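Okay, so here's the structure we're looking at.
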Amino acid sequence: MVVLTTAKWYDRRDSVFIEFCVADSKDVKVNFDKTKCGFSCLGGTDNVKHENEIDLFEAIDENESKHKRTDRSVLCYLRKAQPGKAWPRLTKEKAKLSWLSVDFNNWKDWEDDSDEEIGNFDQFSDMMNNMGGEDDLPDLDGADDVRILLSFISSNLYLLMKTS
């Protein structure tokens, strides 16, 4: 008896990840083709045969794609042939497959992100962390609190940038 393996997937800028959820897998075989991904193994204490074949949404670089077996699953890294192009689904067909779901724990909406914005945010976070603790903040009581706080922050940012 052959069983379809439950799998989760998520998209990244240059790759797609598929996790086949099979505990205690043995004889794992993963075949990467330009437009297909094939998976098979024996799983569990009963050595049940698991097998999946996926017609992929877009082409992959089969030579740069890899997989790694753990005690609980087999994680596949599929390198996109066209990095930077989002995959709205894993499969070529729009049909919903009962054994396949999106891995929302690892999903990231990277299309709207720019590396420059992320770098600027990281730089700003580092500057804020270097400003000091709560004791350095002025006491704020009145209506001009926001203006005072902004003035305090900008003067500290100026000092940090001047010393860098």
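In the structure tokens, the first chain shown is A, the next is B, and so on; residue numbers restart at 1 for each chain, and ligands run from 1 in the order shown.
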
request  = Determine, counting only C-alpha atoms, which protein, DNA and RNA residues have an atom within 8 Å of an atom of A:His50; residues of the same chain fewer than 2 positions away are not included. Present the result as a PyMOL selection string.
outcome  = chain A and resi 2-5+39-43+48+52

Write the selection just made, keeping N, CA, C and O atoms, as a short mmCIF file (atom, residue, chain, number, x, y, z; two decimals), in the first residue's frame?
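Output contents, as saved in part_24.cif:
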data_model
loop_
_atom_site.label_atom_id
_atom_site.label_comp_id
_atom_site.auth_asym_id
_atom_site.auth_seq_id
_atom_site.Cartn_x
_atom_site.Cartn_y
_atom_site.Cartn_z
N VAL A 2 0.59 2.19 -0.88
CA VAL A 2 1.33 3.44 -0.98
C VAL A 2 0.47 4.57 -0.40
O VAL A 2 -0.72 4.68 -0.71
N VAL A 3 1.08 5.41 0.44
CA VAL A 3 0.39 6.51 1.10
C VAL A 3 0.97 7.84 0.63
O VAL A 3 2.19 7.97 0.50
N LEU A 4 0.09 8.82 0.37
CA LEU A 4 0.56 10.17 0.07
C LEU A 4 1.02 10.80 1.38
O LEU A 4 0.33 10.73 2.39
N THR A 5 2.17 11.42 1.36
CA THR A 5 2.76 12.02 2.54
C THR A 5 2.22 13.43 2.76
O THR A 5 2.16 14.22 1.82
N PHE A 39 9.14 12.38 -4.32
CA PHE A 39 9.54 11.98 -2.98
C PHE A 39 9.02 10.58 -2.67
O PHE A 39 7.87 10.26 -2.99
N SER A 40 9.88 9.76 -2.05
CA SER A 40 9.42 8.45 -1.58
C SER A 40 10.28 8.02 -0.40
O SER A 40 11.43 8.44 -0.26
N CYS A 41 9.69 7.20 0.45
CA CYS A 41 10.41 6.64 1.60
C CYS A 41 9.57 5.56 2.25
O CYS A 41 8.40 5.37 1.91
N LEU A 42 10.20 4.87 3.18
CA LEU A 42 9.48 3.97 4.07
C LEU A 42 9.40 4.72 5.40
O LEU A 42 10.39 5.30 5.85
N GLY A 43 8.21 4.75 6.03
CA GLY A 43 8.06 5.55 7.23
C GLY A 43 7.38 4.83 8.37
O GLY A 43 6.59 3.91 8.16
N VAL A 48 5.64 1.82 6.24
CA VAL A 48 4.65 2.13 5.21
C VAL A 48 5.34 2.89 4.08
O VAL A 48 6.14 3.80 4.32
N ASN A 52 5.11 10.77 -3.18
CA ASN A 52 4.48 11.98 -3.72
C ASN A 52 5.23 12.40 -4.97
O ASN A 52 6.45 12.26 -5.04
#

* So which residues touch stretch 87-104 of chain A within 9 Å, counting only C-alpha atoms, skipping near sequence neighbours fewer than 5 positions away, as a list in words? ->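 Here the qualifying residues turn out to be Leu4, Thr5, Thr6, Ala7, Lys8, Trp9, Tyr10, Asp11, Arg12, Val16, Ile18, Glu19, Thr35, Ile54, Asp55, Leu56, Phe57 and Glu58 of chain A.
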
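Counting only C-alpha atoms and comparing A:Ala59, A:Val22, A:Phe32, A:Lys66, the residue that lies closest to A:Lys85 is A:Ala59.
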